[in-house]
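Q: Supplied structure: target_32.cif, mmCIF, C-alpha atoms.
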```cif
data_work
loop_
_atom_site.group_PDB
_atom_site.id
_atom_site.type_symbol
_atom_site.label_atom_id
_atom_site.label_comp_id
_atom_site.auth_asym_id
_atom_site.auth_seq_id
_atom_site.Cartn_x
_atom_site.Cartn_y
_atom_site.Cartn_z
ATOM 1 C CA MET A 1 63.183 60.203 89.374
ATOM 2 C CA SER A 2 64.448 56.906 90.789
ATOM 3 C CA ASP A 3 60.868 55.541 90.959
ATOM 4 C CA GLU A 4 60.404 56.285 87.258
ATOM 5 C CA LEU A 5 63.691 54.575 86.409
ATOM 6 C CA SER A 6 62.961 51.483 88.465
ATOM 7 C CA ASP A 7 59.376 51.312 87.143
ATOM 8 C CA ALA A 8 60.654 51.434 83.561
ATOM 9 C CA VAL A 9 63.218 48.700 84.220
ATOM 10 C CA LEU A 10 60.655 46.524 86.020
ATOM 11 C CA GLU A 11 58.097 47.006 83.248
ATOM 12 C CA ALA A 12 60.623 46.041 80.575
ATOM 13 C CA ALA A 13 61.683 42.990 82.605
ATOM 14 C CA GLY A 14 58.045 41.978 83.101
ATOM 15 C CA GLU A 15 57.379 42.226 79.361
ATOM 16 C CA GLN A 16 60.435 40.102 78.597
ATOM 17 C CA MET A 17 59.410 37.505 81.190
ATOM 18 C CA ALA A 18 55.847 37.402 79.808
ATOM 19 C CA LYS A 19 57.272 36.789 76.325
ATOM 20 C CA SER A 20 59.342 33.921 77.723
ATOM 21 C CA VAL A 21 56.239 32.335 79.273
ATOM 22 C CA ALA A 22 54.280 32.757 76.024
ATOM 23 C CA HIS A 23 57.142 31.161 74.087
ATOM 24 C CA VAL A 24 57.217 28.168 76.445
ATOM 25 C CA ARG A 25 53.458 27.704 76.079
ATOM 26 C CA HIS A 26 53.805 27.866 72.296
ATOM 27 C CA GLU A 27 56.614 25.304 72.410
ATOM 28 C CA PHE A 28 54.438 23.016 74.545
ATOM 29 C CA GLY A 29 51.754 23.217 71.847
ATOM 30 C CA GLY A 30 54.165 21.607 69.411
ATOM 31 C CA VAL A 31 54.649 18.525 71.585
ATOM 32 C CA ARG A 32 52.421 15.672 70.528
ATOM 33 C CA THR A 33 49.828 14.247 72.894
ATOM 34 C CA GLY A 34 48.338 11.496 70.728
ATOM 35 C CA ARG A 35 45.547 13.791 69.577
ATOM 36 C CA ALA A 36 45.482 15.466 66.173
ATOM 37 C CA ASN A 37 46.558 19.081 66.523
ATOM 38 C CA PRO A 38 47.505 21.436 63.655
ATOM 39 C CA GLY A 39 49.959 23.166 66.023
ATOM 40 C CA LEU A 40 52.281 20.191 65.610
ATOM 41 C CA VAL A 41 52.913 20.820 61.918
ATOM 42 C CA GLU A 42 51.861 24.385 61.119
ATOM 43 C CA LYS A 43 55.366 25.826 61.660
ATOM 44 C CA LEU A 44 57.046 22.947 59.816
ATOM 45 C CA PRO A 45 59.392 24.379 57.137
ATOM 46 C CA VAL A 46 58.512 23.187 53.625
ATOM 47 C CA ASP A 47 60.850 23.621 50.654
ATOM 48 C CA TYR A 48 58.359 25.409 48.389
ATOM 49 C CA TYR A 49 59.932 26.305 45.039
ATOM 50 C CA GLY A 50 63.338 26.770 46.648
ATOM 51 C CA ALA A 51 62.141 28.826 49.612
ATOM 52 C CA SER A 52 61.668 27.507 53.135
ATOM 53 C CA THR A 53 58.030 28.325 53.906
ATOM 54 C CA PRO A 54 55.995 27.478 57.043
ATOM 55 C CA LEU A 55 53.347 24.877 56.277
ATOM 56 C CA GLN A 56 50.572 27.112 57.610
ATOM 57 C CA GLN A 57 51.184 29.480 54.658
ATOM 58 C CA LEU A 58 50.781 26.635 52.144
ATOM 59 C CA ALA A 59 47.768 24.695 53.383
ATOM 60 C CA SER A 60 44.644 24.583 55.487
ATOM 61 C CA PHE A 61 44.103 22.107 58.306
ATOM 62 C CA SER A 62 41.098 20.161 59.503
ATOM 63 C CA VAL A 63 40.623 17.603 62.260
ATOM 64 C CA PRO A 64 37.798 15.224 61.259
ATOM 65 C CA ASP A 65 38.325 13.113 64.393
ATOM 66 C CA ALA A 66 40.631 13.007 67.427
ATOM 67 C CA ARG A 67 43.342 10.941 65.720
ATOM 68 C CA MET A 68 43.282 12.345 62.153
ATOM 69 C CA LEU A 69 44.669 15.597 60.756
ATOM 70 C CA VAL A 70 43.927 16.517 57.138
ATOM 71 C CA ILE A 71 46.246 18.977 55.395
ATOM 72 C CA THR A 72 44.821 20.477 52.194
ATOM 73 C CA PRO A 73 47.376 22.522 50.239
ATOM 74 C CA PHE A 74 46.285 25.677 48.435
ATOM 75 C CA ASP A 75 48.544 24.645 45.533
ATOM 76 C CA LYS A 76 48.260 20.958 44.594
ATOM 77 C CA GLY A 77 51.826 21.116 43.241
ATOM 78 C CA SER A 78 53.132 21.467 46.790
ATOM 79 C CA LEU A 79 51.741 18.094 47.959
ATOM 80 C CA GLY A 80 55.053 16.275 47.449
ATOM 81 C CA ALA A 81 57.086 18.963 49.208
ATOM 82 C CA ILE A 82 54.685 18.978 52.177
ATOM 83 C CA GLU A 83 54.777 15.189 52.376
ATOM 84 C CA ARG A 84 58.606 15.223 52.322
ATOM 85 C CA ALA A 85 58.744 17.879 55.055
ATOM 86 C CA ILE A 86 56.507 15.775 57.311
ATOM 87 C CA GLN A 87 58.571 12.653 56.665
ATOM 88 C CA ASP A 88 61.821 14.533 57.362
ATOM 89 C CA SER A 89 60.477 15.973 60.625
ATOM 90 C CA HIS A 90 60.964 13.943 63.778
ATOM 91 C CA LEU A 91 57.268 13.711 64.579
ATOM 92 C CA GLY A 92 57.036 9.989 63.946
ATOM 93 C CA LEU A 93 54.061 10.445 61.616
ATOM 94 C CA ASN A 94 53.532 8.720 58.272
ATOM 95 C CA PRO A 95 51.706 10.977 55.783
ATOM 96 C CA SER A 96 49.139 9.494 53.404
ATOM 97 C CA ASN A 97 48.831 11.441 50.131
ATOM 98 C CA ASP A 98 45.631 10.912 48.097
ATOM 99 C CA GLY A 99 46.489 13.459 45.376
ATOM 100 C CA VAL A 100 44.258 16.142 46.904
ATOM 101 C CA ALA A 101 45.163 16.219 50.596
ATOM 102 C CA ILE A 102 47.559 14.662 53.071
ATOM 103 C CA ARG A 103 46.150 12.672 55.953
ATOM 104 C CA LEU A 104 48.097 12.187 59.156
ATOM 105 C CA ALA A 105 46.910 9.402 61.441
ATOM 106 C CA PHE A 106 48.029 9.848 65.047
ATOM 107 C CA PRO A 107 48.637 6.455 66.650
ATOM 108 C CA PRO A 108 48.213 6.157 70.404
ATOM 109 C CA LEU A 109 51.431 6.999 72.231
ATOM 110 C CA THR A 110 53.367 4.253 73.981
ATOM 111 C CA GLU A 111 54.291 4.715 77.636
ATOM 112 C CA GLU A 112 57.963 5.050 76.693
ATOM 113 C CA ARG A 113 57.171 7.772 74.120
ATOM 114 C CA ARG A 114 55.014 9.630 76.660
ATOM 115 C CA LYS A 115 57.904 9.690 79.139
ATOM 116 C CA GLU A 116 60.226 10.915 76.397
ATOM 117 C CA TYR A 117 57.811 13.785 75.658
ATOM 118 C CA VAL A 118 57.607 14.620 79.363
ATOM 119 C CA ARG A 119 61.425 14.905 79.447
ATOM 120 C CA LEU A 120 61.247 17.121 76.350
ATOM 121 C CA VAL A 121 58.705 19.537 77.861
ATOM 122 C CA LYS A 122 60.669 19.660 81.127
ATOM 123 C CA GLY A 123 63.698 20.779 79.097
ATOM 124 C CA LYS A 124 61.620 23.439 77.324
ATOM 125 C CA ALA A 125 60.285 24.628 80.699
ATOM 126 C CA GLU A 126 63.829 24.886 82.059
ATOM 127 C CA ASP A 127 64.816 26.935 78.988
ATOM 128 C CA GLY A 128 61.892 29.236 79.729
ATOM 129 C CA ARG A 129 62.868 29.596 83.392
ATOM 130 C CA ASN A 130 66.426 30.413 82.273
ATOM 131 C CA ALA A 131 65.065 33.114 79.955
ATOM 132 C CA VAL A 132 63.047 34.585 82.847
ATOM 133 C CA ARG A 133 66.151 34.553 85.061
ATOM 134 C CA GLY A 134 68.130 36.184 82.255
ATOM 135 C CA ALA A 135 65.592 39.022 82.111
ATOM 136 C CA ARG A 136 65.911 39.373 85.905
ATOM 137 C CA ARG A 137 69.721 39.449 85.645
ATOM 138 C CA ASP A 138 69.618 42.161 82.943
ATOM 139 C CA ALA A 139 67.156 44.257 84.939
ATOM 140 C CA ARG A 140 69.262 43.887 88.095
ATOM 141 C CA LYS A 141 72.348 45.113 86.188
ATOM 142 C CA ASP A 142 70.396 48.166 84.986
ATOM 143 C CA LEU A 143 69.149 48.917 88.507
ATOM 144 C CA GLU A 144 72.641 48.570 89.993
ATOM 145 C CA ALA A 145 74.014 50.882 87.293
ATOM 146 C CA PHE A 146 71.419 53.521 88.255
ATOM 147 C CA GLU A 147 72.460 53.261 91.883
ATOM 148 C CA LYS A 148 76.155 53.455 90.979
ATOM 149 C CA ASP A 149 75.521 56.572 88.860
ATOM 150 C CA GLY A 150 73.681 58.178 91.777
ATOM 151 C CA ASP A 151 70.282 58.116 90.044
ATOM 152 C CA MET A 152 68.859 55.777 92.692
ATOM 153 C CA SER A 153 69.352 55.371 96.431
ATOM 154 C CA SER A 154 70.337 52.022 97.928
ATOM 155 C CA ASP A 155 66.914 51.796 99.614
ATOM 156 C CA ASP A 156 65.189 52.303 96.260
ATOM 157 C CA LEU A 157 67.484 49.677 94.754
ATOM 158 C CA ARG A 158 66.510 47.154 97.447
ATOM 159 C CA ARG A 159 62.797 47.869 96.918
ATOM 160 C CA ALA A 160 63.152 47.521 93.135
ATOM 161 C CA GLU A 161 65.130 44.283 93.479
ATOM 162 C CA SER A 162 62.496 42.912 95.829
ATOM 163 C CA GLU A 163 59.772 43.721 93.288
ATOM 164 C CA LEU A 164 61.922 42.168 90.548
ATOM 165 C CA ASP A 165 62.228 38.957 92.569
ATOM 166 C CA ARG A 166 58.427 38.876 93.034
ATOM 167 C CA LEU A 167 57.989 39.276 89.260
ATOM 168 C CA THR A 168 60.493 36.495 88.601
ATOM 169 C CA LYS A 169 58.757 34.092 90.991
ATOM 170 C CA ARG A 170 55.373 34.878 89.420
ATOM 171 C CA TYR A 171 56.536 34.122 85.872
ATOM 172 C CA GLU A 172 58.463 31.018 86.931
ATOM 173 C CA ALA A 173 55.282 29.800 88.648
ATOM 174 C CA GLU A 174 53.352 30.351 85.389
ATOM 175 C CA ILE A 175 55.878 28.190 83.551
ATOM 176 C CA ASP A 176 55.607 25.516 86.248
ATOM 177 C CA GLU A 177 51.794 25.533 85.996
ATOM 178 C CA ALA A 178 51.968 25.152 82.204
ATOM 179 C CA LEU A 179 54.489 22.326 82.636
ATOM 180 C CA ASP A 180 52.269 20.521 85.140
ATOM 181 C CA ALA A 181 49.248 20.812 82.835
ATOM 182 C CA LYS A 182 51.215 19.557 79.819
ATOM 183 C CA THR A 183 52.690 16.669 81.828
ATOM 184 C CA VAL A 184 49.212 15.559 82.914
ATOM 185 C CA GLU A 185 47.991 15.875 79.316
ATOM 186 C CA LEU A 186 50.894 13.775 78.027
ATOM 187 C CA LEU A 187 50.639 11.060 80.641
ATOM 188 C CA GLU A 188 46.866 10.616 80.445
ATOM 189 C CA GLY A 189 46.821 10.605 76.652
#
```
Could you express the structure from this file as structure tokens?
A:
Amino acid sequence: MSDELSDAVLEAAGEQMAKSVAHVRHEFGGVRTGRANPGLVEKLPVDYYGASTPLQQLASFSVPDARMLVITPFDKGSLGAIERAIQDSHLGLNPSNDGVAIRLAFPPLTEERRKEYVRLVKGKAEDGRNAVRGARRDARKDLEAFEKDGDMSSDDLRRAESELDRLTKRYEAEIDEALDAKTVELLEG
């Protein structure tokens, strides 16, 4: 009985931690590296006929070369709204509208801007580690409640907490690996 309870709690905690890691990786994808990447703008909210709509639902993307992103809207009437959304974002990009598509030229990043992005991804990584620790804290509370209610022995609680700590370290290490890779990517440009 106590093994089933602890396994269920550990599985739920593992799923939550995996979601946190996936979220951090997704957030890293939105940080500019000097290369054209649709991930930077696809979630950008566009005021489309009064409704806030993600850009990826309004347009297709192509990358003709490493420093150019072309956004082709499905509805030509949304060109102005897309252009405004890009200008209002804090991406530091200047859209060029030719009446059919919007072109975004990605200038090379300055050293100062690269360091700023590294600080940004470190903050996102710390948020992810905090989310992983939060999942651990919630799971630990559940396990302690089972022990208090008599559904689990103190030995089983220690074993489950040990496994929970191993899970936590594994997911924190995944976040650290993703952070290291993104840092290298940002600094090499």
Q: Quick one: residues within 10 Å of region 91-98 of chain A, all atoms listed in the file counted, chain neighbours fewer than 4 positions away excluded, as number ranges by chain?
A: A: 30-32, 40-41, 69-71, 79-80, 82-87, 102-107
Q: How about saving the chosen residues, C-alpha atoms kept, as a CSV table (one decimal), in the coordinates of the input?
A:
```csv
chain,number,residue,atom,x,y,z
A,30,GLY,CA,54.2,21.6,69.4
A,31,VAL,CA,54.6,18.5,71.6
A,32,ARG,CA,52.4,15.7,70.5
A,40,LEU,CA,52.3,20.2,65.6
A,41,VAL,CA,52.9,20.8,61.9
A,69,LEU,CA,44.7,15.6,60.8
A,70,VAL,CA,43.9,16.5,57.1
A,71,ILE,CA,46.2,19.0,55.4
A,79,LEU,CA,51.7,18.1,48.0
A,80,GLY,CA,55.1,16.3,47.4
A,82,ILE,CA,54.7,19.0,52.2
A,83,GLU,CA,54.8,15.2,52.4
A,84,ARG,CA,58.6,15.2,52.3
A,85,ALA,CA,58.7,17.9,55.1
A,86,ILE,CA,56.5,15.8,57.3
A,87,GLN,CA,58.6,12.7,56.7
A,102,ILE,CA,47.6,14.7,53.1
A,103,ARG,CA,46.2,12.7,56.0
A,104,LEU,CA,48.1,12.2,59.2
A,105,ALA,CA,46.9,9.4,61.4
A,106,PHE,CA,48.0,9.8,65.0
A,107,PRO,CA,48.6,6.5,66.6
```
Q: Measuring between all atoms listed in the file, which one of A:Pro64, A:Gly99, A:Asp47, A:Ala125 shows the shortest distance to Ala81 (chain A)?
A: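 Looking at the shortest contact to Ala81 (chain A), the residue is A:Asp47.
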Q: List, as a list in words, every residue that the PyMOL selection byres ((chain A and resi 53) around 12) selects in the file provided.
A: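 Written out, the selection comes to Glu42, Lys43, Leu44, Pro45, Val46, Asp47, Tyr48, Tyr49, Gly50, Ala51, Ser52, Pro54, Leu55, Gln56, Gln57, Leu58, Ala59, Ser78, Ala81, Ile82 and Ala85 of chain A.
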Q: Put those residues in a file: C-alpha atoms, as a PDB file, in the frame of the given file.
A:
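Listing of selection-v6.pdb after writing:
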```pdb
ATOM      1  CA  GLU A  42      51.861  24.385  61.119  1.00  0.00           C
ATOM      2  CA  LYS A  43      55.366  25.826  61.660  1.00  0.00           C
ATOM      3  CA  LEU A  44      57.046  22.947  59.816  1.00  0.00           C
ATOM      4  CA  PRO A  45      59.392  24.379  57.137  1.00  0.00           C
ATOM      5  CA  VAL A  46      58.512  23.187  53.625  1.00  0.00           C
ATOM      6  CA  ASP A  47      60.850  23.621  50.654  1.00  0.00           C
ATOM      7  CA  TYR A  48      58.359  25.409  48.389  1.00  0.00           C
ATOM      8  CA  TYR A  49      59.932  26.305  45.039  1.00  0.00           C
ATOM      9  CA  GLY A  50      63.338  26.770  46.648  1.00  0.00           C
ATOM     10  CA  ALA A  51      62.141  28.826  49.612  1.00  0.00           C
ATOM     11  CA  SER A  52      61.668  27.507  53.135  1.00  0.00           C
ATOM     12  CA  PRO A  54      55.995  27.478  57.043  1.00  0.00           C
ATOM     13  CA  LEU A  55      53.347  24.877  56.277  1.00  0.00           C
ATOM     14  CA  GLN A  56      50.572  27.112  57.610  1.00  0.00           C
ATOM     15  CA  GLN A  57      51.184  29.480  54.658  1.00  0.00           C
ATOM     16  CA  LEU A  58      50.781  26.635  52.144  1.00  0.00           C
ATOM     17  CA  ALA A  59      47.768  24.695  53.383  1.00  0.00           C
ATOM     18  CA  SER A  78      53.132  21.467  46.790  1.00  0.00           C
ATOM     19  CA  ALA A  81      57.086  18.963  49.208  1.00  0.00           C
ATOM     20  CA  ILE A  82      54.685  18.978  52.177  1.00  0.00           C
ATOM     21  CA  ALA A  85      58.744  17.879  55.055  1.00  0.00           C
TER      22      ALA A  85
END
```
Q: To test your reading of the syntax: which residues would the PyMOL selection byres ((chain A and resi 119) around 12) return for the file shown? Reply as a PDB file with C-alpha atoms, in the frame of the given file.
A:
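The resulting file, expr_27.pdb, is reproduced below:
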```pdb
ATOM      1  CA  PHE A  28      54.438  23.016  74.545  1.00  0.00           C
ATOM      2  CA  VAL A  31      54.649  18.525  71.585  1.00  0.00           C
ATOM      3  CA  GLU A 112      57.963   5.050  76.693  1.00  0.00           C
ATOM      4  CA  ARG A 113      57.171   7.772  74.120  1.00  0.00           C
ATOM      5  CA  ARG A 114      55.014   9.630  76.660  1.00  0.00           C
ATOM      6  CA  LYS A 115      57.904   9.690  79.139  1.00  0.00           C
ATOM      7  CA  GLU A 116      60.226  10.915  76.397  1.00  0.00           C
ATOM      8  CA  TYR A 117      57.811  13.785  75.658  1.00  0.00           C
ATOM      9  CA  VAL A 118      57.607  14.620  79.363  1.00  0.00           C
ATOM     10  CA  LEU A 120      61.247  17.121  76.350  1.00  0.00           C
ATOM     11  CA  VAL A 121      58.705  19.537  77.861  1.00  0.00           C
ATOM     12  CA  LYS A 122      60.669  19.660  81.127  1.00  0.00           C
ATOM     13  CA  GLY A 123      63.698  20.779  79.097  1.00  0.00           C
ATOM     14  CA  LYS A 124      61.620  23.439  77.324  1.00  0.00           C
ATOM     15  CA  ALA A 125      60.285  24.628  80.699  1.00  0.00           C
ATOM     16  CA  GLU A 126      63.829  24.886  82.059  1.00  0.00           C
ATOM     17  CA  LEU A 179      54.489  22.326  82.636  1.00  0.00           C
ATOM     18  CA  LYS A 182      51.215  19.557  79.819  1.00  0.00           C
ATOM     19  CA  THR A 183      52.690  16.669  81.828  1.00  0.00           C
ATOM     20  CA  LEU A 186      50.894  13.775  78.027  1.00  0.00           C
ATOM     21  CA  LEU A 187      50.639  11.060  80.641  1.00  0.00           C
TER      22      LEU A 187
END
```
Q: Using all atoms listed in the file, tabulate the residues of region 24-99 of chain A lying at most 12 Å from any atom of region 160-177 of chain A, each with its closest atom pair and that distance in Å to one decimal, by chain and increasing residue number, as JSON lines.
A:
```
{"residue": "A:Val24", "atom": "CA", "partner": "A:Ile175", "partner_atom": "CA", "distance": 7.2}
{"residue": "A:Arg25", "atom": "CA", "partner": "A:Ile175", "partner_atom": "CA", "distance": 7.9}
{"residue": "A:His26", "atom": "CA", "partner": "A:Ile175", "partner_atom": "CA", "distance": 11.4}
{"residue": "A:Glu27", "atom": "CA", "partner": "A:Ile175", "partner_atom": "CA", "distance": 11.5}
{"residue": "A:Phe28", "atom": "CA", "partner": "A:Ile175", "partner_atom": "CA", "distance": 10.5}
```
Q: Check which residues satisfy the PyMOL selection byres ((chain A and resi 136) around 10) in the file shown, then give them as a list in words.
A: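 Selection result, ordered by chain and number: Val9, Leu10, Ala13, Gly14, Gln16, Met17, Asn130, Ala131, Val132, Arg133, Gly134, Ala135, Arg137, Asp138, Ala139, Arg140, Lys141, Asp142, Glu161, Leu164, Asp165, Leu167 and Thr168 of chain A.
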Q: Find the spatial neighbours of Asp151 (chain A), counting only C-alpha atoms, within a cut-off of 12 Å - ignore same-chain residues fewer than 6 positions away - and output them as a PyMOL selection string.
A: chain A and resi 1-6+142-145+157
Q: Please measure the separation of CA of Pro38 (chain A) and CA of Asp65 (chain A), giving the value in Å to one decimal.
A: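 According to the coordinates, CA of Pro38 (chain A) and CA of Asp65 (chain A) are separated by 12.4 Å.
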Q: In Å, rounded to a single decimal, give me how far CA of Ala8 (chain A) is from CA of Gly128 (chain A).
A: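 Answer for the CA of Gly128 (chain A) to CA of Ala8 (chain A) separation: 22.6 Å.
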Q: Could you tell me how far CA of Gly29 (chain A) sits from CA of Lys76 (chain A), in Å to one decimal place?
A: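 Computing it gives 27.6 Å between the two atoms.
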Q: When distances are computed from all atoms listed in the file, which of A:Met152, A:Ala18, A:Ala178, A:Ala66 shows the smallest separation from Arg35 (chain A)?
A: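 That would be A:Ala66, the residue with the smallest distance to Arg35 (chain A).
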Q: Determine the nearest neighbour of Ser60 (chain A) from the options A:Ser20, A:Glu188, A:Ala101, A:Leu109, counting all atoms listed in the file.
A: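 Result for the nearest residue to Ser60 (chain A): A:Ala101.
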Q: Find, counting only C-alpha atoms, the residue in A:His23, A:Asp75, A:Asp180, A:Pro108 that gets nearest to Ala36 (chain A).
A: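 With only C-alpha atoms as the atom set, the closest residue is A:Pro108.
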